[in-house]
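Pasted below: target.pdb, PDB, C-alpha atoms.
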ATOM      1  CA  MET X 294     134.850 112.119  36.189  1.00  0.00           C
ATOM      2  CA  SER X 295     135.869 115.414  37.773  1.00  0.00           C
ATOM      3  CA  PHE X 296     138.880 115.909  40.024  1.00  0.00           C
ATOM      4  CA  GLY X 297     136.610 116.806  42.959  1.00  0.00           C
ATOM      5  CA  MET X 298     134.993 113.388  42.929  1.00  0.00           C
ATOM      6  CA  THR X 299     138.279 111.478  43.134  1.00  0.00           C
ATOM      7  CA  GLN X 300     139.898 113.664  45.789  1.00  0.00           C
ATOM      8  CA  GLU X 301     140.061 111.978  49.186  1.00  0.00           C
ATOM      9  CA  ARG X 302     138.600 113.923  52.103  1.00  0.00           C
ATOM     10  CA  LYS X 303     141.225 114.779  54.753  1.00  0.00           C
ATOM     11  CA  SER X 304     138.978 116.228  57.476  1.00  0.00           C
ATOM     12  CA  SER X 305     139.553 114.614  60.868  1.00  0.00           C
ATOM     13  CA  LEU X 306     135.788 114.728  61.431  1.00  0.00           C
ATOM     14  CA  LEU X 307     135.213 112.387  58.488  1.00  0.00           C
ATOM     15  CA  ARG X 308     137.830 109.764  59.381  1.00  0.00           C
ATOM     16  CA  LYS X 309     136.862 106.573  61.168  1.00  0.00           C
ATOM     17  CA  PRO X 310     137.955 106.522  64.821  1.00  0.00           C
ATOM     18  CA  GLU X 311     140.962 104.343  65.612  1.00  0.00           C
ATOM     19  CA  LEU X 312     140.444 101.194  67.638  1.00  0.00           C
ATOM     20  CA  VAL X 313     141.424 101.893  71.238  1.00  0.00           C
ATOM     21  CA  ARG X 314     140.055  98.864  73.086  1.00  0.00           C
ATOM     22  CA  THR X 315     138.597  95.444  72.419  1.00  0.00           C
ATOM     23  CA  ASP X 316     137.701  92.387  74.493  1.00  0.00           C
ATOM     24  CA  ILE X 317     138.990  88.966  73.468  1.00  0.00           C
ATOM     25  CA  PHE X 318     137.641  85.876  75.161  1.00  0.00           C
ATOM     26  CA  ILE X 319     139.992  82.915  75.646  1.00  0.00           C
ATOM     27  CA  GLN X 320     137.995  79.858  76.590  1.00  0.00           C
ATOM     28  CA  GLY X 321     138.953  76.327  77.509  1.00  0.00           C
ATOM     29  CA  LEU X 322     141.726  77.183  79.973  1.00  0.00           C
ATOM     30  CA  GLU X 323     142.748  74.476  82.401  1.00  0.00           C
ATOM     31  CA  PRO X 324     141.746  75.059  86.046  1.00  0.00           C
ATOM     32  CA  ASP X 325     145.386  75.584  87.094  1.00  0.00           C
ATOM     33  CA  GLU X 326     145.808  78.239  84.370  1.00  0.00           C
ATOM     34  CA  VAL X 327     142.770  80.139  85.621  1.00  0.00           C
ATOM     35  CA  GLU X 328     144.069  79.797  89.199  1.00  0.00           C
ATOM     36  CA  MET X 329     147.449  81.329  88.226  1.00  0.00           C
ATOM     37  CA  ILE X 330     145.632  84.359  86.791  1.00  0.00           C
ATOM     38  CA  ARG X 331     143.428  84.681  89.881  1.00  0.00           C
ATOM     39  CA  GLU X 332     146.475  84.386  92.142  1.00  0.00           C
ATOM     40  CA  ALA X 333     148.290  87.184  90.294  1.00  0.00           C
ATOM     41  CA  LEU X 334     145.193  89.403  90.500  1.00  0.00           C
ATOM     42  CA  GLY X 335     144.797  88.525  94.188  1.00  0.00           C
ATOM     43  CA  LYS X 336     148.342  89.753  94.836  1.00  0.00           C
ATOM     44  CA  GLY X 337     147.389  93.126  93.363  1.00  0.00           C
ATOM     45  CA  LEU X 338     149.133  92.569  90.037  1.00  0.00           C
ATOM     46  CA  LYS X 339     147.513  93.890  86.873  1.00  0.00           C
ATOM     47  CA  PRO X 340     147.862  92.691  83.282  1.00  0.00           C
ATOM     48  CA  GLY X 341     150.414  94.945  81.629  1.00  0.00           C
ATOM     49  CA  GLY X 342     151.029  93.236  78.324  1.00  0.00           C
ATOM     50  CA  PHE X 343     151.053  90.019  76.392  1.00  0.00           C
ATOM     51  CA  SER X 344     152.792  88.204  73.601  1.00  0.00           C
ATOM     52  CA  VAL X 345     151.885  85.324  71.327  1.00  0.00           C
ATOM     53  CA  GLU X 346     154.360  82.487  70.859  1.00  0.00           C
ATOM     54  CA  GLY X 347     153.050  79.817  68.503  1.00  0.00           C
ATOM     55  CA  ASN X 348     149.689  78.779  69.951  1.00  0.00           C
ATOM     56  CA  THR X 349     150.484  80.171  73.432  1.00  0.00           C
ATOM     57  CA  VAL X 350     149.408  83.545  74.782  1.00  0.00           C
ATOM     58  CA  ILE X 351     151.781  84.879  77.457  1.00  0.00           C
ATOM     59  CA  LEU X 352     150.165  87.367  79.833  1.00  0.00           C
ATOM     60  CA  ARG X 353     152.460  89.758  81.733  1.00  0.00           C
ATOM     61  CA  PHE X 354     151.331  90.929  85.143  1.00  0.00           C
ATOM     62  CA  GLY X 355     152.972  93.683  87.168  1.00  0.00           C
ATOM     63  CA  GLN X 356     152.335  96.164  89.937  1.00  0.00           C
ATOM     64  CA  ASP X 357     149.755  98.816  89.242  1.00  0.00           C
ATOM     65  CA  GLU X 358     151.757 102.059  88.912  1.00  0.00           C
ATOM     66  CA  SER X 359     149.222 103.939  91.041  1.00  0.00           C
ATOM     67  CA  ARG X 360     149.725 101.494  93.942  1.00  0.00           C
ATOM     68  CA  LYS X 361     153.521 101.721  94.108  1.00  0.00           C
ATOM     69  CA  PRO X 362     154.796 103.436  97.259  1.00  0.00           C
ATOM     70  CA  SER X 363     156.320 106.840  96.699  1.00  0.00           C
ATOM     71  CA  GLN X 364     160.102 107.231  96.809  1.00  0.00           C
ATOM     72  CA  GLU X 365     159.801 109.738  99.689  1.00  0.00           C
ATOM     73  CA  GLU X 366     158.494 107.170 102.202  1.00  0.00           C
TER      74      GLU X 366
END
Entire entry expressed as structure tokens:
Amino acid sequence: MSFGMTQERKSSLLRKPELVRTDIFIQGLEPDEVEMIREALGKGLKPGGFSVEGNTVILRFGQDESRKPSQEE
């Protein structure tokens, strides 16, 4: 086996693209859980992060940065 065959290619054009987004579906939520999410969205809050604690997913909602009033007002 020649050295050329074992050398790994380093070109950025040949690398696989990194994952930048994916959709995950969480089904079987209780109606009050869905209502809490809808209420947060209705108040103009946007999901900004999450964490997983045991078998619980904690969604963090906050103000959309583009909707915050400017400091000059």
For CA of Arg314 in chain X and CA of Lys336 in chain X, the interatomic separation in Å (one decimal): 25.0 Å
CA of Pro324 in chain X to CA of Gly347 in chain X, distance in Å rounded to a single decimal: 21.4 Å
Residues matched by the PyMOL selection byres ((chain X and resi 337) around 10) as a ChimeraX atom specification: /X:331-336,338-339,354-357,360
Okay, now the selection with C-alpha atoms, as a short mmCIF file (atom, residue, chain, number, x, y, z; two decimals), in the frame of the given file?
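Produced file result_16.cif, reproduced below:
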data_model
loop_
_atom_site.label_atom_id
_atom_site.label_comp_id
_atom_site.auth_asym_id
_atom_site.auth_seq_id
_atom_site.Cartn_x
_atom_site.Cartn_y
_atom_site.Cartn_z
CA ARG X 331 143.43 84.68 89.88
CA GLU X 332 146.48 84.39 92.14
CA ALA X 333 148.29 87.18 90.29
CA LEU X 334 145.19 89.40 90.50
CA GLY X 335 144.80 88.52 94.19
CA LYS X 336 148.34 89.75 94.84
CA LEU X 338 149.13 92.57 90.04
CA LYS X 339 147.51 93.89 86.87
CA PHE X 354 151.33 90.93 85.14
CA GLY X 355 152.97 93.68 87.17
CA GLN X 356 152.34 96.16 89.94
CA ASP X 357 149.76 98.82 89.24
CA ARG X 360 149.72 101.49 93.94
#
